[in-house]
>>> print(open('input_22.tsv').read())   # TSV, C-alpha atoms
chain	number	residue	atom	x	y	z
A	1	MET	CA	81.83	90.87	72.15
A	2	SER	CA	83.53	90.15	75.47
A	3	ARG	CA	87.18	90.70	76.28
A	4	ASN	CA	89.25	87.55	75.86
A	5	LEU	CA	91.45	87.45	78.95
A	6	PHE	CA	91.13	83.66	79.11
A	7	THR	CA	89.94	81.04	76.66
A	8	GLU	CA	86.35	79.91	76.94
A	9	SER	CA	87.60	76.39	77.63
A	10	GLU	CA	89.44	77.66	80.72
A	11	TYR	CA	86.24	79.19	82.06
A	12	GLU	CA	84.41	75.95	81.29
A	13	ARG	CA	86.99	73.97	83.28
A	14	ARG	CA	86.56	76.31	86.24
A	15	VAL	CA	82.79	75.93	86.16
A	16	GLU	CA	83.00	72.16	85.82
A	17	ARG	CA	85.28	71.93	88.86
A	18	THR	CA	82.75	74.03	90.75
A	19	ARG	CA	79.92	71.73	89.68
A	20	GLU	CA	81.97	68.74	90.82
A	21	ARG	CA	82.35	70.36	94.23
A	22	LEU	CA	78.60	70.98	94.36
A	23	ARG	CA	78.01	67.29	93.73
A	24	GLU	CA	80.56	66.33	96.39
A	25	GLU	CA	78.92	68.63	98.94
A	26	GLY	CA	75.38	67.60	98.00
A	27	LEU	CA	74.49	71.11	96.87
A	28	ASP	CA	72.14	71.91	94.00
A	29	ALA	CA	73.51	75.42	93.44
A	30	ILE	CA	75.79	78.11	94.79
A	31	VAL	CA	75.16	81.86	94.86
A	32	VAL	CA	78.56	83.51	94.43
A	33	ALA	CA	78.75	87.08	95.75
A	34	ASP	CA	82.52	87.59	96.11
A	35	PRO	CA	83.54	89.77	93.11
A	36	ALA	CA	86.77	87.79	92.63
A	37	ASN	CA	84.86	84.51	92.49
A	38	MET	CA	82.36	86.08	90.08
A	39	ASN	CA	85.25	87.13	87.85
A	40	TYR	CA	86.87	83.69	88.10
A	41	LEU	CA	83.75	81.83	86.98
A	42	ALA	CA	82.18	84.29	84.55
A	43	GLY	CA	84.84	86.87	83.70
A	44	TYR	CA	82.72	89.73	85.01
A	45	ASP	CA	84.76	92.84	85.78
A	46	GLY	CA	83.19	96.13	86.81
A	47	TRP	CA	83.09	98.56	89.72
A	48	SER	CA	79.57	97.51	90.60
A	49	PHE	CA	80.14	95.56	93.79
A	50	TYR	CA	78.72	98.44	95.82
A	51	VAL	CA	75.30	97.12	94.80
A	52	HIS	CA	74.19	93.51	95.10
A	53	GLN	CA	75.21	91.12	92.35
A	54	ALA	CA	75.87	87.42	92.00
A	55	VAL	CA	76.91	84.55	89.79
A	56	ILE	CA	74.85	81.38	90.19
A	57	VAL	CA	76.23	77.94	89.36
A	58	THR	CA	73.96	74.88	89.43
A	59	ARG	CA	74.76	71.20	89.21
A	60	GLU	CA	72.76	70.77	86.02
A	61	ARG	CA	73.53	73.86	83.95
A	62	ASP	CA	76.73	74.18	81.91
A	63	GLU	CA	76.85	77.99	82.06
A	64	PRO	CA	76.72	80.12	85.18
A	65	VAL	CA	74.12	82.87	85.41
A	66	TRP	CA	75.19	86.45	86.10
A	67	VAL	CA	72.71	88.56	88.08
A	68	GLY	CA	73.20	92.29	88.52
A	69	ARG	CA	71.79	95.77	88.14
A	70	ASP	CA	70.16	96.61	84.82
A	71	MET	CA	72.67	99.36	84.00
A	72	ASP	CA	75.50	96.83	84.52
A	73	GLY	CA	74.05	94.30	82.10
A	74	ASN	CA	76.11	95.68	79.22
A	75	GLY	CA	79.17	95.36	81.44
A	76	ALA	CA	78.39	91.66	81.74
A	77	ARG	CA	78.05	91.44	77.98
A	78	ALA	CA	81.37	93.23	77.56
A	79	THR	CA	83.42	91.18	80.02
A	80	THR	CA	81.90	87.71	80.44
A	81	TRP	CA	81.89	84.63	78.24
A	82	LEU	CA	78.19	84.02	78.94
A	83	SER	CA	75.34	83.76	76.45
A	84	GLU	CA	72.51	86.28	76.53
A	85	GLU	CA	70.16	83.92	78.36
A	86	SER	CA	72.70	83.69	81.18
A	87	ILE	CA	72.70	87.43	81.83
A	88	ARG	CA	69.84	88.48	84.14
A	89	ALA	CA	69.38	92.06	85.32
A	90	TYR	CA	67.11	93.55	87.96
A	91	SER	CA	65.44	96.95	87.62
A	92	ASP	CA	66.87	100.04	89.27
A	93	ASP	CA	64.03	100.31	91.79
A	94	HIS	CA	65.69	97.40	93.62
A	95	VAL	CA	68.73	99.59	94.44
A	96	HIS	CA	68.62	101.28	97.85
A	97	SER	CA	64.90	100.93	97.48
A	98	PRO	CA	62.17	102.77	99.42
A	99	TYR	CA	59.65	100.31	97.93
A	100	ASP	CA	60.58	97.29	100.05
A	101	LEU	CA	62.38	95.74	97.09
A	102	HIS	CA	65.79	94.10	97.35
A	103	PRO	CA	68.11	92.62	94.68
A	104	MET	CA	67.97	89.26	96.45
A	105	ASP	CA	64.24	89.14	95.73
A	106	TYR	CA	65.22	89.03	92.06
A	107	VAL	CA	68.00	86.51	92.73
A	108	ALA	CA	65.40	84.30	94.42
A	109	GLY	CA	63.29	84.46	91.27
A	110	VAL	CA	66.28	83.39	89.17
A	111	LEU	CA	66.87	80.46	91.51
A	112	GLU	CA	63.22	79.48	91.02
A	113	ASP	CA	63.64	79.69	87.23
A	114	LEU	CA	66.68	77.43	87.52
A	115	GLY	CA	64.62	74.81	89.37
A	116	VAL	CA	66.49	74.89	92.68
A	117	ALA	CA	64.03	76.85	94.85
A	118	ASP	CA	63.51	73.80	97.08
A	119	GLY	CA	67.09	72.53	96.90
A	120	ARG	CA	70.27	72.82	98.96
A	121	ILE	CA	71.84	76.14	98.01
A	122	GLY	CA	75.34	77.24	98.99
A	123	LEU	CA	75.89	80.86	100.02
A	124	GLU	CA	79.13	82.79	100.54
A	125	MET	CA	78.07	83.73	104.05
A	126	ASP	CA	81.36	85.41	104.95
A	127	ALA	CA	81.93	87.29	101.68
A	128	SER	CA	82.48	91.03	102.12
A	129	TYR	CA	79.54	91.99	99.89
A	130	PHE	CA	76.99	89.40	101.02
A	131	THR	CA	74.99	91.14	103.71
A	132	ALA	CA	72.80	89.88	106.53
A	133	LYS	CA	69.79	91.31	104.73
A	134	SER	CA	70.74	89.39	101.59
A	135	TYR	CA	70.51	86.20	103.60
A	136	THR	CA	67.20	87.01	105.25
A	137	ARG	CA	65.59	88.06	101.95
A	138	LEU	CA	66.61	84.80	100.30
A	139	GLN	CA	65.22	82.89	103.26
A	140	SER	CA	61.88	84.71	103.14
A	141	ASN	CA	61.56	84.34	99.36
A	142	LEU	CA	62.60	80.67	99.27
A	143	PRO	CA	61.15	79.06	102.42
A	144	ASP	CA	61.58	75.53	101.03
A	145	ALA	CA	65.29	75.94	100.29
A	146	ASP	CA	68.03	74.63	102.56
A	147	PHE	CA	70.83	77.21	102.69
A	148	GLU	CA	74.38	76.11	103.52
A	149	ASP	CA	77.59	78.05	104.13
A	150	ALA	CA	79.81	77.57	101.07
A	151	THR	CA	82.03	80.62	101.56
A	152	LEU	CA	85.31	78.95	100.52
A	153	LEU	CA	84.06	76.47	97.93
A	154	VAL	CA	85.27	78.50	94.94
A	155	GLY	CA	88.29	79.87	96.82
A	156	TRP	CA	89.80	76.41	97.19
A	157	ILE	CA	89.33	75.83	93.46
A	158	ARG	CA	91.13	79.10	92.70
A	159	ILE	CA	94.18	78.23	94.80
A	160	LYS	CA	96.01	76.53	91.90
A	161	LYS	CA	96.71	78.89	89.01
A	162	SER	CA	96.70	78.27	85.28
A	163	GLU	CA	99.64	79.37	83.15
A	164	GLN	CA	97.69	82.41	81.94
A	165	GLU	CA	96.88	83.42	85.51
A	166	LEU	CA	100.56	83.09	86.42
A	167	GLU	CA	101.52	85.25	83.45
A	168	TYR	CA	99.21	88.03	84.63
A	169	MET	CA	100.73	87.76	88.12
A	170	ARG	CA	104.24	88.01	86.67
A	171	GLU	CA	103.18	91.12	84.78
A	172	ALA	CA	101.74	92.52	88.02
A	173	ALA	CA	105.12	91.85	89.65
A	174	ARG	CA	106.85	94.05	87.05
A	175	ILE	CA	104.42	96.84	87.96
A	176	SER	CA	105.11	96.27	91.68
A	177	GLU	CA	108.85	96.69	91.07
A	178	GLU	CA	108.30	99.98	89.24
A	179	ALA	CA	105.92	101.30	91.90
A	180	MET	CA	108.28	100.39	94.75
A	181	LEU	CA	111.13	102.22	93.03
A	182	ALA	CA	108.87	105.25	92.54
A	183	GLY	CA	107.91	105.26	96.20
A	184	LEU	CA	111.46	104.94	97.46
A	185	ASP	CA	112.64	107.68	95.10
A	186	ALA	CA	109.90	110.03	96.36
A	187	ILE	CA	110.68	109.64	100.08
A	188	ASP	CA	112.91	112.26	101.67
A	189	ALA	CA	112.98	114.41	104.76
A	190	GLY	CA	110.44	117.21	104.40
A	191	VAL	CA	108.41	115.50	101.64
A	192	PRO	CA	104.75	114.95	102.61
A	193	GLU	CA	103.71	111.32	102.82
A	194	TYR	CA	100.96	111.90	100.23
A	195	GLU	CA	103.61	112.83	97.64
A	196	ALA	CA	105.16	109.36	97.95
A	197	ALA	CA	101.69	107.78	97.79
A	198	ALA	CA	100.94	109.79	94.63
A	199	ALA	CA	104.20	108.63	93.01
A	200	ILE	CA	103.32	105.01	93.82
A	201	TYR	CA	99.77	105.32	92.49
A	202	GLU	CA	100.95	106.97	89.29
A	203	ARG	CA	103.26	104.05	88.57
A	204	LEU	CA	100.69	101.42	89.59
A	205	ILE	CA	98.33	102.74	86.91
A	206	ARG	CA	100.94	103.67	84.30
A	207	GLY	CA	102.48	100.22	84.61
A	208	THR	CA	105.46	99.41	82.42
A	209	ASP	CA	106.53	100.44	78.94
A	210	GLU	CA	104.69	97.38	77.58
A	211	TYR	CA	101.36	97.45	79.46
A	212	GLY	CA	99.35	99.40	81.99
A	213	GLY	CA	98.13	98.57	85.46
A	214	ASP	CA	94.77	98.31	87.17
A	215	TYR	CA	93.63	99.60	90.56
A	216	PRO	CA	94.87	97.32	93.34
A	217	SER	CA	92.53	95.70	95.84
A	218	ILE	CA	94.37	97.33	98.74
A	219	VAL	CA	95.76	100.87	98.74
A	220	PRO	CA	99.49	101.37	99.33
A	221	LEU	CA	100.15	100.95	103.05
A	222	MET	CA	102.75	103.40	104.37
A	223	PRO	CA	103.12	103.61	108.15
A	224	SER	CA	106.11	105.73	109.15
A	225	GLY	CA	107.88	107.20	112.13
A	226	ASP	CA	106.36	106.19	115.44
A	227	HIS	CA	103.69	104.07	113.71
A	228	THR	CA	105.77	101.40	111.94
A	229	GLY	CA	104.76	98.92	114.63
A	230	THR	CA	101.27	99.13	113.12
A	231	PRO	CA	101.37	97.59	109.63
A	232	HIS	CA	98.02	98.64	108.12
A	233	LEU	CA	98.14	102.43	108.23
A	234	THR	CA	98.04	104.56	105.09
A	235	TRP	CA	99.60	107.97	104.29
A	236	THR	CA	98.93	111.35	105.88
A	237	ASP	CA	99.81	115.01	105.27
A	238	ARG	CA	102.77	114.70	107.61
A	239	PRO	CA	106.22	115.24	106.05
A	240	PHE	CA	108.83	112.54	106.43
A	241	SER	CA	111.50	113.36	109.01
A	242	ASP	CA	115.15	112.52	109.42
A	243	ASP	CA	115.90	109.40	111.42
A	244	GLU	CA	112.65	107.52	110.90
A	245	LEU	CA	111.47	104.27	109.37
A	246	VAL	CA	108.99	103.97	106.50
A	247	LEU	CA	107.20	100.74	105.57
A	248	ILE	CA	105.78	100.34	102.06
A	249	GLU	CA	103.41	97.54	101.09
A	250	LEU	CA	101.87	97.73	97.63
A	251	SER	CA	100.81	95.61	94.70
A	252	GLY	CA	100.76	95.94	90.98
A	253	CYS	CA	97.54	94.69	89.44
A	254	ARG	CA	97.10	93.24	85.96
A	255	HIS	CA	93.63	92.16	84.86
A	256	ARG	CA	92.70	91.92	88.58
A	257	TYR	CA	95.72	89.66	89.35
A	258	HIS	CA	98.12	90.91	92.03
A	259	SER	CA	101.73	90.45	93.09
A	260	PRO	CA	102.24	92.27	96.41
A	261	LEU	CA	105.64	93.52	97.51
A	262	ALA	CA	106.76	95.13	100.79
A	263	ARG	CA	110.03	96.80	101.74
A	264	THR	CA	111.35	98.99	104.57
A	265	ALA	CA	113.30	102.24	104.24
A	266	TYR	CA	115.07	104.48	106.73
A	267	VAL	CA	115.45	108.22	106.29
A	268	GLY	CA	118.97	108.84	107.56
A	269	ASP	CA	121.45	106.46	109.16
A	270	PRO	CA	119.60	103.46	110.65
A	271	PRO	CA	120.35	102.58	114.30
A	272	ALA	CA	122.02	99.25	114.97
A	273	GLU	CA	118.78	97.75	116.33
A	274	VAL	CA	116.94	98.51	113.09
A	275	ARG	CA	119.76	97.14	110.92
A	276	GLU	CA	119.97	93.97	112.97
A	277	THR	CA	116.20	93.42	112.92
A	278	ALA	CA	116.16	93.86	109.14
A	279	GLU	CA	118.93	91.29	108.79
A	280	VAL	CA	116.94	88.80	110.87
A	281	VAL	CA	113.77	89.38	108.82
A	282	ILE	CA	115.72	88.85	105.59
A	283	GLU	CA	117.36	85.68	106.90
A	284	GLY	CA	113.98	84.40	108.09
A	285	ILE	CA	112.14	85.03	104.84
A	286	GLU	CA	114.91	83.34	102.87
A	287	ALA	CA	114.77	80.31	105.16
A	288	ALA	CA	110.99	80.12	104.69
A	289	LEU	CA	111.28	80.42	100.91
A	290	ASP	CA	113.92	77.68	100.91
A	291	ALA	CA	111.45	75.42	102.74
A	292	VAL	CA	108.82	75.73	100.00
A	293	GLU	CA	108.28	72.74	97.74
A	294	PRO	CA	105.33	70.58	96.71
A	295	GLY	CA	104.37	68.16	99.45
A	296	VAL	CA	105.32	70.29	102.47
A	297	THR	CA	102.68	71.94	104.61
A	298	CYS	CA	102.04	75.62	105.20
A	299	GLU	CA	102.95	75.16	108.86
A	300	ALA	CA	106.29	73.59	107.92
A	301	VAL	CA	107.18	76.69	105.90
A	302	GLU	CA	106.26	78.92	108.85
A	303	LYS	CA	108.35	76.74	111.15
A	304	ALA	CA	111.46	77.47	109.08
A	305	TRP	CA	110.86	81.21	109.64
A	306	ARG	CA	110.03	80.82	113.32
A	307	GLU	CA	113.10	78.70	114.11
A	308	THR	CA	115.36	81.14	112.26
A	309	ILE	CA	114.23	84.26	114.11
A	310	ALA	CA	114.16	82.36	117.42
A	311	GLN	CA	117.95	82.11	117.25
A	312	TYR	CA	118.00	85.87	117.76
A	313	GLY	CA	115.45	85.91	120.57
A	314	LEU	CA	112.59	87.09	118.36
A	315	GLU	CA	109.12	85.64	117.88
A	316	LYS	CA	106.04	86.50	115.84
A	317	GLU	CA	102.55	85.25	116.62
A	318	ASP	CA	100.85	86.31	113.37
A	319	ARG	CA	100.70	84.29	110.18
A	320	ILE	CA	103.48	85.08	107.70
A	321	GLY	CA	101.61	84.52	104.44
A	322	TYR	CA	98.44	83.57	102.64
A	323	SER	CA	97.21	82.35	99.26
A	324	MET	CA	96.32	85.15	96.88
A	325	GLY	CA	96.08	86.30	93.27
A	326	LEU	CA	92.80	87.48	91.76
A	327	GLY	CA	91.11	90.13	93.86
A	328	TYR	CA	88.85	93.14	94.32
A	329	PRO	CA	88.64	95.61	97.21
A	330	PRO	CA	88.93	95.14	100.09
A	331	ASP	CA	91.44	92.29	99.72
A	332	TRP	CA	93.67	90.40	97.30
A	333	GLY	CA	93.81	87.30	99.54
A	334	GLU	CA	91.85	84.13	98.79
A	335	HIS	CA	90.98	83.45	102.48
A	336	THR	CA	92.00	79.80	102.23
A	337	ALA	CA	95.52	78.60	103.09
A	338	SER	CA	97.69	80.57	105.52
A	339	ILE	CA	101.38	80.11	106.32
A	340	ARG	CA	101.08	79.68	110.08
A	341	PRO	CA	101.20	77.01	112.79
A	342	GLY	CA	98.34	74.55	112.56
A	343	ASP	CA	97.65	75.03	108.85
A	344	GLU	CA	98.22	71.58	107.37
A	345	THR	CA	97.43	72.60	103.78
A	346	VAL	CA	99.86	70.71	101.57
A	347	LEU	CA	101.62	72.88	99.00
A	348	GLU	CA	101.01	71.89	95.40
A	349	GLU	CA	102.58	73.08	92.19
A	350	ASP	CA	101.02	76.31	90.83
A	351	MET	CA	99.77	77.63	94.14
A	352	THR	CA	100.69	81.27	94.82
A	353	PHE	CA	101.24	83.02	98.14
A	354	HIS	CA	102.15	86.41	99.53
A	355	MET	CA	104.77	85.81	102.22
A	356	ILE	CA	105.05	88.88	104.47
A	357	PRO	CA	107.00	88.05	107.62
A	358	GLY	CA	107.55	91.30	109.47
A	359	ILE	CA	108.66	92.08	112.99
A	360	TRP	CA	106.44	94.73	114.54
A	361	GLU	CA	107.60	95.89	117.95
A	362	ASP	CA	105.85	98.48	120.12
A	363	ASP	CA	108.14	101.28	118.93
A	364	PHE	CA	109.14	100.22	115.40
A	365	GLY	CA	108.66	97.61	112.74
A	366	VAL	CA	110.54	96.06	109.81
A	367	GLU	CA	108.84	94.14	107.01
A	368	LEU	CA	109.78	92.61	103.69
A	369	SER	CA	107.60	90.44	101.52
A	370	GLU	CA	107.67	88.25	98.45
A	371	THR	CA	104.88	86.88	96.29
A	372	PHE	CA	105.91	83.39	95.20
A	373	HIS	CA	104.75	80.62	92.92
A	374	VAL	CA	105.12	77.01	94.05
A	375	THR	CA	107.01	75.21	91.28
A	376	ALA	CA	108.05	71.57	90.95
A	377	THR	CA	111.40	72.44	92.56
A	378	GLY	CA	110.54	75.15	95.09
A	379	ALA	CA	109.51	78.79	95.41
A	380	GLU	CA	109.68	81.16	92.45
A	381	PRO	CA	109.53	84.76	93.76
A	382	LEU	CA	107.64	86.75	91.14
A	383	ALA	CA	109.34	90.09	91.81
A	384	ASP	CA	113.04	90.76	91.26
A	385	PHE	CA	113.73	93.40	93.86
A	386	PRO	CA	116.60	93.69	96.37
A	387	ARG	CA	115.95	92.25	99.82
A	388	GLU	CA	117.52	94.91	101.98
A	389	LEU	CA	116.87	97.80	104.32
A	390	PHE	CA	116.82	100.86	102.05
A	391	THR	CA	118.44	104.05	103.29
A	392	ILE	CA	117.27	107.43	102.06
>>> encode(input="input_22.tsv", output="structure tokens")
Amino acid sequence: MSRNLFTESEYERRVERTRERLREEGLDAIVVADPANMNYLAGYDGWSFYVHQAVIVTRERDEPVWVGRDMDGNGARATTWLSEESIRAYSDDHVHSPYDLHPMDYVAGVLEDLGVADGRIGLEMDASYFTAKSYTRLQSNLPDADFEDATLLVGWIRIKKSEQELEYMREAARISEEAMLAGLDAIDAGVPEYEAAAAIYERLIRGTDEYGGDYPSIVPLMPSGDHTGTPHLTWTDRPFSDDELVLIELSGCRHRYHSPLARTAYVGDPPAEVRETAEVVIEGIEAALDAVEPGVTCEAVEKAWRETIAQYGLEKEDRIGYSMGLGYPPDWGEHTASIRPGDETVLEEDMTFHMIPGIWEDDFGVELSETFHVTATGAEPLADFPRELFTI
């Protein structure tokens, strides 16, 4: 009996939208290797993405087919909505094999069974867990197939969330609030950075009084001191010092749905330059959030941020946000719409984004972020957490 995180009818709607996209693109099937897309279509949830696995959707078949390692078959039975005939498992001698076997040899056989061995087959060519060897093995096993890059086909379907997905993201936001408080409370001069990371992780998993959390797709990011101009560093053994900045970016996770949150703290009395930069970042993010509504483009939202910070002589070349929600390591982003110049994606109700407009200079950085839901009237930030520079 599988876990019932969503109704079967919701999964069926997702699969039917995928089949519609296959028809529009002239594809007979798609081999989905991104773990988040596998979860979205089939419900599969397990730490098995370190070996090859896939979900196959065809134009003609109502149910997707899960393909994975034999020992993970019961995981598919436990977490997916699929019937037994839609769960296919390869033997363990395909894993890291010295016998010139590869899991994609088995996937090729499943594609033959599904009658698409000579069809146009979409592949997630840029997915983190779809390797170059996966591609070449499918090519050699299915010489009559025409393979096409369909990396973002499912991602664009995922961009609009159902009410149940939004509820899981709101629950993740409650966990994010608790974890951010735990991290800020743990930071002090002389405390090793790993102690703050441990406090954050403990709260991310413990969750709230009502429900627990899951492991996030990205570890807590905690650059400090001289390294706050570099946003993607993690913690070290180094103790925090007086008169230094600390950036914290984290996300609660609930049933694989995320709600990231970032804030900046200063150990001691912040210099005027840091205070002023934080005020500009806060003003800019609020201007960008105010610009959000159905019908505007991603680049129009970014423009509101860019014009606000330009008044203070500041500029930022990087994107300030991206669509996100369901995710597995190494990322919670959907890799589709980005809030940046040139992205003409039109915002629609029930899209969700992580907006993280930071200013990273050579010698210091300040960042704040909000995960928001596009509603009929504007942006709904999912977390309720003060937008300020925290002082320790």
>>> residues_around(input="input_22.tsv", residues="range 314-326 of chain A", least_positions_apart="4", cutoff="8 Å", atoms="all atoms listed in the file", output="PDB file with C-alpha atoms, in the coordinates of the input")
ATOM      1  CA  ALA A  36      86.770  87.790  92.630  1.00  0.00           C
ATOM      2  CA  TYR A  40      86.870  83.690  88.100  1.00  0.00           C
ATOM      3  CA  ILE A 159      94.180  78.230  94.800  1.00  0.00           C
ATOM      4  CA  MET A 169     100.730  87.760  88.120  1.00  0.00           C
ATOM      5  CA  ARG A 256      92.700  91.920  88.580  1.00  0.00           C
ATOM      6  CA  TYR A 257      95.720  89.660  89.350  1.00  0.00           C
ATOM      7  CA  HIS A 258      98.120  90.910  92.030  1.00  0.00           C
ATOM      8  CA  SER A 259     101.730  90.450  93.090  1.00  0.00           C
ATOM      9  CA  GLU A 302     106.260  78.920 108.850  1.00  0.00           C
ATOM     10  CA  ARG A 306     110.030  80.820 113.320  1.00  0.00           C
ATOM     11  CA  ILE A 309     114.230  84.260 114.110  1.00  0.00           C
ATOM     12  CA  ALA A 310     114.160  82.360 117.420  1.00  0.00           C
ATOM     13  CA  TRP A 332      93.670  90.400  97.300  1.00  0.00           C
ATOM     14  CA  GLY A 333      93.810  87.300  99.540  1.00  0.00           C
ATOM     15  CA  GLU A 334      91.850  84.130  98.790  1.00  0.00           C
ATOM     16  CA  HIS A 335      90.980  83.450 102.480  1.00  0.00           C
ATOM     17  CA  THR A 336      92.000  79.800 102.230  1.00  0.00           C
ATOM     18  CA  ALA A 337      95.520  78.600 103.090  1.00  0.00           C
ATOM     19  CA  SER A 338      97.690  80.570 105.520  1.00  0.00           C
ATOM     20  CA  ILE A 339     101.380  80.110 106.320  1.00  0.00           C
ATOM     21  CA  ARG A 340     101.080  79.680 110.080  1.00  0.00           C
ATOM     22  CA  PRO A 341     101.200  77.010 112.790  1.00  0.00           C
ATOM     23  CA  MET A 351      99.770  77.630  94.140  1.00  0.00           C
ATOM     24  CA  THR A 352     100.690  81.270  94.820  1.00  0.00           C
ATOM     25  CA  PHE A 353     101.240  83.020  98.140  1.00  0.00           C
ATOM     26  CA  HIS A 354     102.150  86.410  99.530  1.00  0.00           C
ATOM     27  CA  MET A 355     104.770  85.810 102.220  1.00  0.00           C
ATOM     28  CA  ILE A 356     105.050  88.880 104.470  1.00  0.00           C
ATOM     29  CA  PRO A 357     107.000  88.050 107.620  1.00  0.00           C
ATOM     30  CA  GLY A 358     107.550  91.300 109.470  1.00  0.00           C
ATOM     31  CA  ILE A 359     108.660  92.080 112.990  1.00  0.00           C
TER      32      ILE A 359
END
>>> residues_around(input="input_22.tsv", residues="Val116 in chain A", least_positions_apart="4", cutoff="8 Å", atoms="all atoms listed in the file", output="short mmCIF file (atom, residue, chain, number, x, y, z; two decimals) with C-alpha atoms, keeping the file's coordinate frame")
data_model
loop_
_atom_site.label_atom_id
_atom_site.label_comp_id
_atom_site.auth_asym_id
_atom_site.auth_seq_id
_atom_site.Cartn_x
_atom_site.Cartn_y
_atom_site.Cartn_z
CA ASP A 28 72.14 71.91 94.00
CA ALA A 29 73.51 75.42 93.44
CA LEU A 111 66.87 80.46 91.51
CA GLU A 112 63.22 79.48 91.02
CA ARG A 120 70.27 72.82 98.96
CA ILE A 121 71.84 76.14 98.01
CA ALA A 145 65.29 75.94 100.29
#
>>> residues_around(input="input_22.tsv", residues="range 182-193 of chain A", least_positions_apart="3", cutoff="8 Å", atoms="only C-alpha atoms", output="VMD selection string")
chain A and resid 178 to 179 196 to 197 199 to 200 203 235 to 242 248 265 267 392
>>> write_last_selection(input="input_22.tsv", atoms="C-alpha atoms", output="PDB file, in the coordinates of the input")
ATOM      1  CA  GLU A 178     108.300  99.980  89.240  1.00  0.00           C
ATOM      2  CA  ALA A 179     105.920 101.300  91.900  1.00  0.00           C
ATOM      3  CA  ALA A 196     105.160 109.360  97.950  1.00  0.00           C
ATOM      4  CA  ALA A 197     101.690 107.780  97.790  1.00  0.00           C
ATOM      5  CA  ALA A 199     104.200 108.630  93.010  1.00  0.00           C
ATOM      6  CA  ILE A 200     103.320 105.010  93.820  1.00  0.00           C
ATOM      7  CA  ARG A 203     103.260 104.050  88.570  1.00  0.00           C
ATOM      8  CA  TRP A 235      99.600 107.970 104.290  1.00  0.00           C
ATOM      9  CA  THR A 236      98.930 111.350 105.880  1.00  0.00           C
ATOM     10  CA  ASP A 237      99.810 115.010 105.270  1.00  0.00           C
ATOM     11  CA  ARG A 238     102.770 114.700 107.610  1.00  0.00           C
ATOM     12  CA  PRO A 239     106.220 115.240 106.050  1.00  0.00           C
ATOM     13  CA  PHE A 240     108.830 112.540 106.430  1.00  0.00           C
ATOM     14  CA  SER A 241     111.500 113.360 109.010  1.00  0.00           C
ATOM     15  CA  ASP A 242     115.150 112.520 109.420  1.00  0.00           C
ATOM     16  CA  ILE A 248     105.780 100.340 102.060  1.00  0.00           C
ATOM     17  CA  ALA A 265     113.300 102.240 104.240  1.00  0.00           C
ATOM     18  CA  VAL A 267     115.450 108.220 106.290  1.00  0.00           C
ATOM     19  CA  ILE A 392     117.270 107.430 102.060  1.00  0.00           C
TER      20      ILE A 392
END
>>> closest_atom_pairs(input="input_22.tsv", of="range 65-155 of chain A", to="range 8-15 of chain A", cutoff="12 Å", atoms="all atoms listed in the file", output="tab-separated table")
residue	atom	partner	partner_atom	distance
A:Val65	CA	A:Val15	CA	11.1
A:Thr80	CA	A:Glu8	CA	9.6
A:Trp81	CA	A:Glu8	CA	6.6
A:Leu82	CA	A:Glu8	CA	9.4
A:Ser83	CA	A:Glu8	CA	11.7
A:Leu153	CA	A:Val15	CA	11.9
A:Val154	CA	A:Arg14	CA	9.1
A:Gly155	CA	A:Arg14	CA	11.3
>>> residues_near_point(input="input_22.tsv", point="(90.0, 95.8, 90.4)", cutoff="9 Å", atoms="only C-alpha atoms", output="ChimeraX atom specification")
/A:36,45-47,214-217,253-257,326-329
>>> write_last_selection(input="input_22.tsv", atoms="C-alpha atoms", output="PDB file, keeping the file's coordinate frame")
ATOM      1  CA  ALA A  36      86.770  87.790  92.630  1.00  0.00           C
ATOM      2  CA  ASP A  45      84.760  92.840  85.780  1.00  0.00           C
ATOM      3  CA  GLY A  46      83.190  96.130  86.810  1.00  0.00           C
ATOM      4  CA  TRP A  47      83.090  98.560  89.720  1.00  0.00           C
ATOM      5  CA  ASP A 214      94.770  98.310  87.170  1.00  0.00           C
ATOM      6  CA  TYR A 215      93.630  99.600  90.560  1.00  0.00           C
ATOM      7  CA  PRO A 216      94.870  97.320  93.340  1.00  0.00           C
ATOM      8  CA  SER A 217      92.530  95.700  95.840  1.00  0.00           C
ATOM      9  CA  CYS A 253      97.540  94.690  89.440  1.00  0.00           C
ATOM     10  CA  ARG A 254      97.100  93.240  85.960  1.00  0.00           C
ATOM     11  CA  HIS A 255      93.630  92.160  84.860  1.00  0.00           C
ATOM     12  CA  ARG A 256      92.700  91.920  88.580  1.00  0.00           C
ATOM     13  CA  TYR A 257      95.720  89.660  89.350  1.00  0.00           C
ATOM     14  CA  LEU A 326      92.800  87.480  91.760  1.00  0.00           C
ATOM     15  CA  GLY A 327      91.110  90.130  93.860  1.00  0.00           C
ATOM     16  CA  TYR A 328      88.850  93.140  94.320  1.00  0.00           C
ATOM     17  CA  PRO A 329      88.640  95.610  97.210  1.00  0.00           C
TER      18      PRO A 329
END
>>> residues_around(input="input_22.tsv", residues="Thr277 in chain A", least_positions_apart="3", cutoff="8 Å", atoms="all atoms listed in the file", output="ChimeraX atom specification")
/A:273-274,280-281,359,366
>>> residues_around(input="input_22.tsv", residues="Thr264 in chain A", least_positions_apart="3", cutoff="10 Å", atoms="all atoms listed in the file", output="list in words")
Leu184, Met222, Ser224, Thr228, Leu245, Val246, Leu247, Ile248, Glu249, Ala278, Gly358, Gly365, Val366, Glu367, Leu368, Ser369, Arg387, Glu388, Leu389, Phe390 and Thr391 of chain A
